[in-house]
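Novice: I am sharing start_5.cif, which consists of mmCIF, C-alpha atoms:
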```
data_final
loop_
_atom_site.label_atom_id
_atom_site.label_comp_id
_atom_site.auth_asym_id
_atom_site.auth_seq_id
_atom_site.Cartn_x
_atom_site.Cartn_y
_atom_site.Cartn_z
CA MET Y 29 42.61 -36.51 -87.36
CA ASN Y 30 39.14 -35.79 -88.76
CA VAL Y 31 38.29 -32.18 -87.93
CA ALA Y 32 35.31 -29.95 -88.67
CA VAL Y 33 35.89 -26.21 -89.03
CA VAL Y 34 32.67 -24.30 -88.35
CA GLY Y 35 32.86 -20.92 -90.06
CA ALA Y 36 34.36 -20.18 -93.47
CA GLY Y 37 35.30 -16.54 -93.09
CA SER Y 38 38.93 -15.48 -93.50
CA TRP Y 39 40.11 -17.00 -90.21
CA GLY Y 40 38.16 -20.24 -90.58
CA THR Y 41 39.39 -20.65 -94.15
CA ALA Y 42 43.00 -20.02 -93.13
CA LEU Y 43 42.76 -22.54 -90.29
CA ALA Y 44 41.21 -25.11 -92.61
CA ILE Y 45 44.09 -24.64 -95.05
CA HIS Y 46 46.61 -25.05 -92.24
CA LEU Y 47 44.94 -28.15 -90.79
CA ALA Y 48 44.85 -29.80 -94.22
CA ARG Y 49 48.58 -29.12 -94.57
CA ALA Y 50 49.07 -30.67 -91.12
CA GLY Y 51 47.52 -33.89 -92.42
CA CYS Y 52 44.01 -33.53 -91.01
CA ALA Y 53 40.90 -34.44 -92.97
CA VAL Y 54 38.91 -31.20 -92.81
CA ARG Y 55 35.21 -30.57 -93.23
CA LEU Y 56 34.64 -26.84 -93.62
CA TRP Y 57 31.13 -25.56 -92.86
CA ALA Y 58 30.10 -22.32 -94.54
CA ARG Y 59 27.00 -20.32 -93.70
CA GLU Y 60 26.90 -18.96 -97.26
CA PRO Y 61 25.97 -21.63 -99.83
CA GLU Y 62 27.97 -19.78 -102.50
CA VAL Y 63 31.13 -20.21 -100.41
CA ALA Y 64 30.70 -23.97 -100.14
CA ALA Y 65 29.83 -24.22 -103.83
CA GLY Y 66 32.85 -22.13 -104.82
CA ILE Y 67 35.21 -24.28 -102.79
CA ARG Y 68 33.79 -27.47 -104.28
CA SER Y 69 33.98 -26.19 -107.87
CA ALA Y 70 37.11 -24.05 -107.93
CA ARG Y 71 38.97 -24.98 -104.69
CA ARG Y 72 38.77 -21.33 -103.62
CA ASN Y 73 36.62 -19.40 -101.17
CA PRO Y 74 34.97 -16.79 -103.42
CA LEU Y 75 34.28 -14.31 -100.60
CA PHE Y 76 37.16 -14.70 -98.13
CA LEU Y 77 40.85 -15.19 -99.02
CA PRO Y 78 39.99 -15.93 -102.69
CA GLU Y 79 43.67 -15.69 -103.64
CA PHE Y 80 44.47 -18.98 -101.88
CA GLU Y 81 43.81 -22.40 -103.38
CA LEU Y 82 42.42 -24.84 -100.82
CA PRO Y 83 44.21 -28.20 -100.45
CA PRO Y 84 42.36 -31.35 -101.54
CA GLY Y 85 42.02 -32.48 -97.91
CA ILE Y 86 39.24 -29.92 -97.36
CA GLU Y 87 35.59 -30.75 -98.03
CA ALA Y 88 33.16 -27.83 -97.96
CA SER Y 89 29.53 -28.02 -96.91
CA GLU Y 90 26.66 -25.69 -96.05
CA ASP Y 91 25.00 -28.46 -94.01
CA LEU Y 92 25.87 -28.95 -90.35
CA ASP Y 93 25.49 -32.71 -90.67
CA ALA Y 94 29.10 -32.51 -91.87
CA LEU Y 95 29.97 -32.44 -88.15
CA ALA Y 96 28.85 -36.02 -87.62
CA GLY Y 97 31.65 -38.42 -86.77
CA VAL Y 98 34.49 -35.89 -86.47
CA GLU Y 99 37.12 -36.15 -83.73
CA ALA Y 100 37.27 -32.40 -83.00
CA VAL Y 101 35.41 -29.24 -83.91
CA LEU Y 102 37.19 -25.95 -84.54
CA PHE Y 103 34.64 -23.18 -84.00
CA VAL Y 104 35.35 -19.93 -85.88
CA VAL Y 105 32.03 -18.07 -85.76
CA PRO Y 106 31.91 -14.45 -84.47
CA VAL Y 107 30.97 -14.50 -80.79
CA GLN Y 108 27.83 -12.39 -81.16
CA PHE Y 109 26.39 -15.01 -83.57
CA ALA Y 110 27.76 -18.10 -81.82
CA ARG Y 111 24.64 -19.21 -79.91
CA ASP Y 112 22.44 -19.74 -82.95
CA VAL Y 113 25.11 -21.79 -84.73
CA LEU Y 114 25.84 -23.87 -81.63
CA ARG Y 115 22.14 -24.65 -81.19
CA ALA Y 116 21.87 -25.72 -84.81
CA ALA Y 117 25.06 -27.80 -84.55
CA ARG Y 118 24.20 -29.60 -81.32
CA PRO Y 119 22.13 -32.46 -82.87
CA HIS Y 120 25.04 -33.30 -85.19
CA LEU Y 121 27.80 -33.46 -82.58
CA GLY Y 122 28.90 -36.65 -80.91
CA ASN Y 123 29.06 -36.79 -77.12
CA GLY Y 124 32.33 -35.51 -75.70
CA VAL Y 125 33.78 -34.30 -79.00
CA PRO Y 126 36.22 -31.52 -78.03
CA LEU Y 127 35.48 -28.02 -79.27
CA ILE Y 128 38.35 -25.65 -80.00
CA SER Y 129 37.17 -22.05 -80.12
CA ALA Y 130 39.08 -19.62 -82.32
CA SER Y 131 36.43 -16.92 -81.81
CA LYS Y 132 37.68 -13.86 -79.92
CA GLY Y 133 35.15 -11.77 -78.07
CA VAL Y 134 32.69 -11.41 -75.22
CA GLU Y 135 28.95 -11.70 -75.82
CA VAL Y 136 27.28 -8.33 -75.20
CA ALA Y 137 23.88 -9.68 -74.14
CA SER Y 138 25.23 -12.02 -71.44
CA LEU Y 139 28.81 -10.74 -70.86
CA GLN Y 140 29.92 -14.36 -71.26
CA ARG Y 141 33.11 -15.79 -72.75
CA MET Y 142 32.99 -18.51 -75.39
CA ASP Y 143 33.68 -21.32 -72.90
CA GLU Y 144 30.62 -20.19 -70.90
CA ILE Y 145 28.47 -19.93 -74.02
CA VAL Y 146 29.55 -23.36 -75.27
CA ARG Y 147 28.97 -24.97 -71.90
CA GLY Y 148 25.46 -23.50 -71.74
CA GLU Y 149 24.43 -24.35 -75.29
CA LEU Y 150 26.06 -27.76 -75.74
CA GLY Y 151 26.30 -29.01 -72.18
CA LEU Y 152 29.95 -29.71 -72.96
CA ASP Y 153 32.19 -30.74 -70.10
CA GLU Y 154 34.67 -27.96 -69.35
CA ASP Y 155 37.58 -30.36 -69.94
CA SER Y 156 36.47 -30.73 -73.59
CA PHE Y 157 36.76 -27.01 -74.35
CA VAL Y 158 39.95 -25.46 -75.74
CA ALA Y 159 40.58 -21.80 -76.61
CA LEU Y 160 42.89 -21.01 -79.54
CA SER Y 161 44.43 -17.55 -79.33
CA GLY Y 162 47.53 -15.62 -80.33
CA PRO Y 163 49.04 -13.33 -82.99
CA SER Y 164 47.87 -14.91 -86.23
CA PHE Y 165 46.67 -12.93 -89.23
CA ALA Y 166 44.59 -15.16 -91.49
CA ARG Y 167 46.45 -14.32 -94.70
CA GLU Y 168 49.84 -15.09 -93.20
CA VAL Y 169 48.61 -18.42 -91.84
CA ALA Y 170 47.13 -19.28 -95.23
CA ALA Y 171 50.43 -18.32 -96.86
CA GLY Y 172 52.32 -20.68 -94.54
CA LEU Y 173 54.39 -17.96 -92.84
CA PRO Y 174 55.82 -18.92 -89.42
CA THR Y 175 53.23 -18.36 -86.69
CA ALA Y 176 52.85 -19.27 -83.01
CA ALA Y 177 49.67 -19.43 -80.93
CA VAL Y 178 48.28 -20.90 -77.72
CA LEU Y 179 45.86 -23.74 -77.06
CA ALA Y 180 44.35 -23.20 -73.61
CA GLY Y 181 42.39 -25.94 -71.89
CA ARG Y 182 41.88 -27.77 -68.63
CA ASP Y 183 42.71 -31.32 -69.86
CA ALA Y 184 46.48 -31.67 -70.29
CA ALA Y 185 46.18 -34.91 -72.30
CA LEU Y 186 43.72 -33.31 -74.74
CA LEU Y 187 46.03 -30.31 -75.18
CA ARG Y 188 48.96 -32.59 -76.00
CA ARG Y 189 46.84 -34.41 -78.57
CA MET Y 190 45.71 -31.14 -80.18
CA GLN Y 191 49.26 -29.78 -80.19
CA ALA Y 192 50.55 -32.88 -81.95
CA ALA Y 193 47.75 -32.88 -84.52
CA PHE Y 194 47.78 -29.16 -85.31
CA SER Y 195 51.46 -28.13 -85.11
CA THR Y 196 53.68 -27.96 -88.19
CA PRO Y 197 57.07 -26.34 -88.94
CA ALA Y 198 55.06 -23.28 -90.04
CA PHE Y 199 52.60 -23.07 -87.12
CA ARG Y 200 53.71 -23.84 -83.58
CA PHE Y 201 51.14 -24.28 -80.81
CA TYR Y 202 51.98 -23.79 -77.15
CA SER Y 203 49.70 -25.06 -74.38
CA SER Y 204 48.22 -23.26 -71.38
CA SER Y 205 45.81 -24.18 -68.59
CA ASP Y 206 44.50 -20.60 -68.35
CA VAL Y 207 41.31 -20.71 -70.42
CA VAL Y 208 39.86 -17.54 -68.85
CA GLY Y 209 43.03 -15.52 -69.41
CA ALA Y 210 43.55 -16.71 -72.99
CA GLU Y 211 39.96 -15.93 -73.95
CA LEU Y 212 39.90 -12.51 -72.30
CA ALA Y 213 43.32 -11.53 -73.67
CA GLY Y 214 42.24 -12.39 -77.22
CA ALA Y 215 38.98 -10.50 -76.82
CA LEU Y 216 40.10 -7.39 -74.97
CA LYS Y 217 43.12 -6.61 -77.13
CA ASN Y 218 40.66 -5.76 -79.92
CA VAL Y 219 39.42 -2.82 -77.86
CA VAL Y 220 42.96 -1.45 -77.65
CA ALA Y 221 43.38 -2.11 -81.39
CA ILE Y 222 40.45 0.19 -82.13
CA ALA Y 223 42.06 2.88 -79.95
CA ALA Y 224 45.39 2.41 -81.73
CA GLY Y 225 43.67 2.75 -85.08
CA MET Y 226 42.03 5.98 -83.96
CA ALA Y 227 45.43 7.36 -82.93
CA THR Y 228 46.77 6.55 -86.38
CA GLY Y 229 43.72 8.03 -88.10
CA LEU Y 230 44.18 11.21 -86.09
CA GLY Y 231 47.87 11.37 -87.07
CA LEU Y 232 49.08 11.32 -83.48
CA GLY Y 233 52.40 9.56 -84.08
CA GLN Y 234 54.40 6.66 -82.69
CA ASN Y 235 54.78 8.03 -79.15
CA THR Y 236 51.00 7.93 -78.77
CA LEU Y 237 50.80 4.43 -80.18
CA ALA Y 238 53.47 3.11 -77.81
CA ALA Y 239 51.71 4.68 -74.83
CA LEU Y 240 48.36 3.21 -75.89
CA LEU Y 241 49.79 -0.30 -76.23
CA THR Y 242 51.51 -0.13 -72.85
CA ARG Y 243 48.63 1.37 -70.89
CA GLY Y 244 46.10 -0.70 -72.83
CA LEU Y 245 47.87 -3.92 -71.86
CA HIS Y 246 47.92 -2.70 -68.26
CA GLU Y 247 44.18 -2.13 -68.07
CA ILE Y 248 43.05 -5.27 -69.91
CA THR Y 249 45.35 -7.30 -67.64
CA ARG Y 250 43.73 -5.75 -64.59
CA LEU Y 251 40.26 -6.75 -65.80
CA GLY Y 252 41.41 -10.19 -66.91
CA VAL Y 253 42.98 -10.98 -63.54
CA ARG Y 254 39.91 -9.70 -61.71
CA LEU Y 255 37.79 -12.13 -63.77
CA GLY Y 256 40.02 -15.12 -63.00
CA GLY Y 257 42.77 -15.04 -65.61
CA ARG Y 258 46.49 -15.18 -64.82
CA GLU Y 259 48.71 -12.14 -65.26
CA GLU Y 260 51.40 -14.07 -67.14
CA THR Y 261 48.88 -15.01 -69.86
CA PHE Y 262 48.54 -11.33 -70.74
CA ARG Y 263 52.32 -11.09 -71.16
CA GLY Y 264 52.31 -14.04 -73.57
CA LEU Y 265 51.18 -14.79 -77.10
CA ALA Y 266 47.45 -14.44 -76.39
CA GLY Y 267 48.00 -11.09 -74.71
CA MET Y 268 51.01 -8.97 -75.60
CA GLY Y 269 51.74 -10.96 -78.76
CA ASP Y 270 48.30 -10.47 -80.23
CA LEU Y 271 48.16 -6.87 -79.00
CA VAL Y 272 51.40 -5.93 -80.76
CA LEU Y 273 50.26 -7.60 -83.98
CA THR Y 274 46.86 -5.95 -84.15
CA CYS Y 275 47.93 -2.52 -82.89
CA ALA Y 276 51.49 -1.86 -84.02
CA ALA Y 277 51.82 -4.07 -87.09
CA GLY Y 278 48.18 -4.41 -87.90
CA SER Y 279 47.73 -3.61 -91.57
CA PHE Y 280 45.36 -6.62 -91.80
CA SER Y 281 43.55 -5.94 -88.52
CA ARG Y 282 39.85 -5.23 -88.98
CA ASN Y 283 39.63 -3.68 -85.52
CA ARG Y 284 42.53 -1.32 -86.10
CA ALA Y 285 41.04 -0.43 -89.50
CA VAL Y 286 37.74 0.47 -87.81
CA GLY Y 287 39.62 2.78 -85.45
CA GLU Y 288 41.59 4.43 -88.26
CA ARG Y 289 38.43 5.26 -90.16
CA LEU Y 290 36.77 6.62 -87.02
CA GLY Y 291 39.84 8.78 -86.42
CA ARG Y 292 39.51 10.16 -89.94
CA GLY Y 293 35.93 11.16 -89.21
CA GLU Y 294 33.91 8.37 -90.87
CA ARG Y 295 30.65 7.20 -89.34
CA LEU Y 296 30.59 3.84 -87.55
CA GLU Y 297 27.52 2.61 -89.46
CA ALA Y 298 29.31 3.05 -92.78
CA ILE Y 299 32.48 1.42 -91.51
CA LEU Y 300 30.62 -1.71 -90.34
CA ALA Y 301 28.67 -2.15 -93.56
CA GLY Y 302 31.05 -4.74 -95.10
CA ARG Y 303 31.10 -8.53 -94.76
CA GLU Y 304 34.04 -8.76 -92.36
CA VAL Y 305 33.20 -8.61 -88.65
CA ALA Y 306 35.16 -6.37 -86.27
CA GLU Y 307 34.70 -8.18 -82.94
CA GLY Y 308 36.23 -5.28 -81.03
CA VAL Y 309 33.14 -3.09 -81.48
CA PRO Y 310 30.69 -5.22 -79.47
CA THR Y 311 33.49 -6.42 -77.19
CA THR Y 312 34.23 -2.81 -76.21
CA ARG Y 313 30.71 -2.48 -74.85
CA ALA Y 314 30.94 -5.85 -73.08
CA ALA Y 315 34.35 -5.00 -71.60
CA ALA Y 316 33.12 -1.65 -70.31
CA ALA Y 317 30.09 -3.33 -68.73
CA LEU Y 318 32.28 -5.98 -67.08
CA ALA Y 319 34.67 -3.31 -65.81
CA ARG Y 320 31.83 -1.37 -64.18
CA ARG Y 321 30.33 -4.54 -62.71
CA HIS Y 322 33.64 -5.54 -61.11
CA GLY Y 323 34.89 -2.08 -60.18
CA VAL Y 324 37.86 -1.99 -62.56
CA GLU Y 325 38.89 1.40 -63.94
CA MET Y 326 39.55 1.14 -67.70
CA PRO Y 327 40.02 4.65 -69.10
CA ILE Y 328 40.99 3.62 -72.63
CA THR Y 329 38.11 1.17 -72.89
CA PHE Y 330 35.63 3.73 -71.54
CA ALA Y 331 36.92 6.31 -74.03
CA VAL Y 332 36.55 3.91 -76.97
CA GLU Y 333 33.04 3.04 -75.79
CA ALA Y 334 32.09 6.74 -75.66
CA ILE Y 335 33.42 7.28 -79.18
CA LEU Y 336 31.60 4.24 -80.58
CA ASP Y 337 28.38 5.43 -78.93
CA GLY Y 338 28.78 8.91 -80.42
CA ARG Y 339 29.10 10.56 -77.00
CA LEU Y 340 32.65 11.84 -77.49
CA PRO Y 341 34.69 12.85 -80.58
CA PRO Y 342 38.07 11.08 -80.87
CA ARG Y 343 40.16 14.21 -80.31
CA GLN Y 344 38.26 15.09 -77.16
CA ALA Y 345 38.78 11.54 -75.92
CA VAL Y 346 42.55 11.93 -76.36
CA ALA Y 347 42.49 15.21 -74.43
CA ALA Y 348 40.48 13.59 -71.64
CA LEU Y 349 42.94 10.70 -71.34
CA MET Y 350 45.96 13.00 -71.33
CA THR Y 351 44.56 15.25 -68.60
CA ARG Y 352 43.47 12.58 -66.13
CA GLU Y 353 44.74 12.78 -62.56
CA LEU Y 354 48.48 12.18 -62.41
CA LYS Y 355 49.36 8.81 -60.86
CA ASP Y 356 52.10 6.29 -60.23
CA GLU Y 357 52.65 4.07 -63.28
CA ALA Y 358 51.50 0.97 -61.40
CA GLN Y 359 48.09 2.58 -60.94
CA LEU Y 360 45.31 3.04 -63.47
#
```
Starting from the coordinates I provided, produce the structure as structure tokens.

Specialist:
Amino acid sequence: MNVAVVGAGSWGTALAIHLARAGCAVRLWAREPEVAAGIRSARRNPLFLPEFELPPGIEASEDLDALAGVEAVLFVVPVQFARDVLRAARPHLGNGVPLISASKGVEVASLQRMDEIVRGELGLDEDSFVALSGPSFAREVAAGLPTAAVLAGRDAALLRRMQAAFSTPAFRFYSSSDVVGAELAGALKNVVAIAAGMATGLGLGQNTLAALLTRGLHEITRLGVRLGGREETFRGLAGMGDLVLTCAAGSFSRNRAVGERLGRGERLEAILAGREVAEGVPTTRAAAALARRHGVEMPITFAVEAILDGRLPPRQAVAALMTRELKDEAQL
């Protein structure tokens, strides 16, 4: 299969490496010309995952005309920047070419998921959109370590085709028809990852972390179901699987790292100054806005939002969460 990967950050690069190993012909679009030039000259991405050599089946380009004639597009651009790239890509895309989104987040300005953004910008039929989500650190995928994820879409035949083209003995893809749930699970777990990082940065211990994961999963499931997702999706790879990875075993998680540094007292502006994007920061604000709009109580999300906005120090946020009204566990 001829596939274009749009976005050559760590995750896009790792997926390009995997797809080339799966036998796909891959065109990797990079926003930074130096990334495309580095891949062409040295077979390495000089800015993201430079320790990995890229297989010969990958062609790098800084020009979106590389999308012409491909059979599928894998979109790996941070959600807050997705619209501009989609608008620029639209003239180069063939009609009906499926788009697989590996971007995890909710747009702050519109409170829209990626399927809604793609449908608005490309006019793409909803059956041609697939969400890729699950516990999958970029470096481990690039290293070929065993990984499992979910492809969520509304066209069962398309999902079977993508599964067959993308799966290998090292990366197994399951299918799901719950696009809304898969997208929201992948986005909202980053909010809990920031909270988990803060707990670690504050030195609060494993009991705190376990409680955060459990209650965090509870509240993001409540919002996800209210918005049209299915509860079982949040118990699966896109939900609990990704949550455990980024919160409990997340040494490579950018969102958890942001939380840890906040817990140690660093300023958010300094933390976000690097190249890597922590999608959980804008998604926290979008999730809090969605929760208020739909009347869903999300105490952990609201606490993270207050900390990110500078309205509440992390330790005071912990005290506020621990002294909330006592309730049955099934309640928020």

Novice: Show me as a PDB file with C-alpha atoms, in the coordinates of the input the residues that reach within 12 Å of (26.8, -28.6, -97.7), counting only C-alpha atoms and using the file's own coordinates.

Specialist:
```
ATOM      1  CA  VAL Y  34      32.670 -24.300 -88.350  1.00  0.00           C
ATOM      2  CA  ARG Y  55      35.210 -30.570 -93.230  1.00  0.00           C
ATOM      3  CA  LEU Y  56      34.640 -26.840 -93.620  1.00  0.00           C
ATOM      4  CA  TRP Y  57      31.130 -25.560 -92.860  1.00  0.00           C
ATOM      5  CA  ALA Y  58      30.100 -22.320 -94.540  1.00  0.00           C
ATOM      6  CA  ARG Y  59      27.000 -20.320 -93.700  1.00  0.00           C
ATOM      7  CA  GLU Y  60      26.900 -18.960 -97.260  1.00  0.00           C
ATOM      8  CA  PRO Y  61      25.970 -21.630 -99.830  1.00  0.00           C
ATOM      9  CA  GLU Y  62      27.970 -19.780-102.500  1.00  0.00           C
ATOM     10  CA  VAL Y  63      31.130 -20.210-100.410  1.00  0.00           C
ATOM     11  CA  ALA Y  64      30.700 -23.970-100.140  1.00  0.00           C
ATOM     12  CA  ALA Y  65      29.830 -24.220-103.830  1.00  0.00           C
ATOM     13  CA  GLY Y  66      32.850 -22.130-104.820  1.00  0.00           C
ATOM     14  CA  ILE Y  67      35.210 -24.280-102.790  1.00  0.00           C
ATOM     15  CA  ARG Y  68      33.790 -27.470-104.280  1.00  0.00           C
ATOM     16  CA  GLU Y  87      35.590 -30.750 -98.030  1.00  0.00           C
ATOM     17  CA  ALA Y  88      33.160 -27.830 -97.960  1.00  0.00           C
ATOM     18  CA  SER Y  89      29.530 -28.020 -96.910  1.00  0.00           C
ATOM     19  CA  GLU Y  90      26.660 -25.690 -96.050  1.00  0.00           C
ATOM     20  CA  ASP Y  91      25.000 -28.460 -94.010  1.00  0.00           C
ATOM     21  CA  LEU Y  92      25.870 -28.950 -90.350  1.00  0.00           C
ATOM     22  CA  ASP Y  93      25.490 -32.710 -90.670  1.00  0.00           C
ATOM     23  CA  ALA Y  94      29.100 -32.510 -91.870  1.00  0.00           C
ATOM     24  CA  LEU Y  95      29.970 -32.440 -88.150  1.00  0.00           C
TER      25      LEU Y  95
END
```

Novice: If the PyMOL selection byres ((chain Y and resi 136) around 7) is run on the structure shown, which residues does it catch, given as a ChimeraX atom specification?

Specialist: /Y:134-135,137-139,310-311,313-314

Novice: Report, in Å to a single decimal, how far apart atom CA of Y:Val104 and atom CA of Y:Val33 are.

Specialist: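 A separation of 7.0 Å between them.
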
Novice: Any idea what's packed within 7 Å of stretch 199-213 of chain Y, counting all atoms listed in the file, ignoring anything in its chain fewer than 2 positions away? Could you give it as a list in words?

Specialist: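 Using all atoms listed in the file, the neighbours found are Lys132, Arg141, Ala159, Ser161, Pro174, Thr175, Ala176, Ala177, Val178, Leu179, Ala180, Gly181, Arg182, Leu187, Gln191, Ser195, Thr196, Pro197, Ala215, Leu216, Lys217, Gly252, Gly256, Gly257, Arg258, Thr261, Phe262, Ala266 and Gly267 of chain Y.
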
Novice: Keeping C-alpha atoms for every residue in the selection just given, could you write it to a file as a short mmCIF file (atom, residue, chain, number, x, y, z; two decimals), keeping the file's coordinate frame?

Specialist:
```
data_model
loop_
_atom_site.label_atom_id
_atom_site.label_comp_id
_atom_site.auth_asym_id
_atom_site.auth_seq_id
_atom_site.Cartn_x
_atom_site.Cartn_y
_atom_site.Cartn_z
CA LYS Y 132 37.68 -13.86 -79.92
CA ARG Y 141 33.11 -15.79 -72.75
CA ALA Y 159 40.58 -21.80 -76.61
CA SER Y 161 44.43 -17.55 -79.33
CA PRO Y 174 55.82 -18.92 -89.42
CA THR Y 175 53.23 -18.36 -86.69
CA ALA Y 176 52.85 -19.27 -83.01
CA ALA Y 177 49.67 -19.43 -80.93
CA VAL Y 178 48.28 -20.90 -77.72
CA LEU Y 179 45.86 -23.74 -77.06
CA ALA Y 180 44.35 -23.20 -73.61
CA GLY Y 181 42.39 -25.94 -71.89
CA ARG Y 182 41.88 -27.77 -68.63
CA LEU Y 187 46.03 -30.31 -75.18
CA GLN Y 191 49.26 -29.78 -80.19
CA SER Y 195 51.46 -28.13 -85.11
CA THR Y 196 53.68 -27.96 -88.19
CA PRO Y 197 57.07 -26.34 -88.94
CA ALA Y 215 38.98 -10.50 -76.82
CA LEU Y 216 40.10 -7.39 -74.97
CA LYS Y 217 43.12 -6.61 -77.13
CA GLY Y 252 41.41 -10.19 -66.91
CA GLY Y 256 40.02 -15.12 -63.00
CA GLY Y 257 42.77 -15.04 -65.61
CA ARG Y 258 46.49 -15.18 -64.82
CA THR Y 261 48.88 -15.01 -69.86
CA PHE Y 262 48.54 -11.33 -70.74
CA ALA Y 266 47.45 -14.44 -76.39
CA GLY Y 267 48.00 -11.09 -74.71
#
```

Novice: List the neighbours of Y:Gln344 out to 10 Å using all atoms listed in the file; skip same-chain residues closer than 5 positions along the sequence, and give me the result as a PyMOL selection string.

Specialist: chain Y and resi 331+335+349-350

Novice: Would you mind listing what lies within 7 Å of Y:Glu99 as a ChimeraX atom specification, with only C-alpha atoms counted and same-chain residues fewer than 2 positions away left out?

Specialist: /Y:29-31,97,125

Novice: Residues proximal to (50.6, 0.8, -75.9) were defined as those with any atom within 10 Å of that point in the file's coordinates, counting all atoms listed in the file. Which are they, as a ChimeraX atom specification?

Specialist: /Y:220-221,223-224,234-246,268,271-272,275-276

Novice: Write the residues of the preceding selection, restricted to C-alpha atoms, as a tab-separated table (two decimals), in the coordinates of the input.

Specialist:
```tsv
chain	number	residue	atom	x	y	z
Y	220	VAL	CA	42.96	-1.45	-77.65
Y	221	ALA	CA	43.38	-2.11	-81.39
Y	223	ALA	CA	42.06	2.88	-79.95
Y	224	ALA	CA	45.39	2.41	-81.73
Y	234	GLN	CA	54.40	6.66	-82.69
Y	235	ASN	CA	54.78	8.03	-79.15
Y	236	THR	CA	51.00	7.93	-78.77
Y	237	LEU	CA	50.80	4.43	-80.18
Y	238	ALA	CA	53.47	3.11	-77.81
Y	239	ALA	CA	51.71	4.68	-74.83
Y	240	LEU	CA	48.36	3.21	-75.89
Y	241	LEU	CA	49.79	-0.30	-76.23
Y	242	THR	CA	51.51	-0.13	-72.85
Y	243	ARG	CA	48.63	1.37	-70.89
Y	244	GLY	CA	46.10	-0.70	-72.83
Y	245	LEU	CA	47.87	-3.92	-71.86
Y	246	HIS	CA	47.92	-2.70	-68.26
Y	268	MET	CA	51.01	-8.97	-75.60
Y	271	LEU	CA	48.16	-6.87	-79.00
Y	272	VAL	CA	51.40	-5.93	-80.76
Y	275	CYS	CA	47.93	-2.52	-82.89
Y	276	ALA	CA	51.49	-1.86	-84.02
```

Novice: What is the atom CA of Y:Glu357-atom CA of Y:Asn283 distance in Å, reported with one decimal?

Specialist: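 Those two atoms sit 26.9 Å apart.
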
Novice: Go through Y:Gly172, Y:Gly229, Y:Gly293, Y:Pro126 and flag the residue nearest Y:Gly151, using all atoms listed in the file for the distances.

Specialist: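 With all atoms listed in the file as the atom set, the closest residue is Y:Pro126.
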
Novice: In terms of the shortest atom-to-atom distance over only C-alpha atoms, which of Y:Gly323, Y:Pro74, Y:Gly124, Y:Gly133 is closest to Y:Asp153?

Specialist: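 Closest residue, counting only C-alpha atoms: Y:Gly124.
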
Novice: Would you mind reading off the distance between atom CA of Y:Phe157 and atom CA of Y:Asp143, one decimal, in Å?

Specialist: 6.6 Å
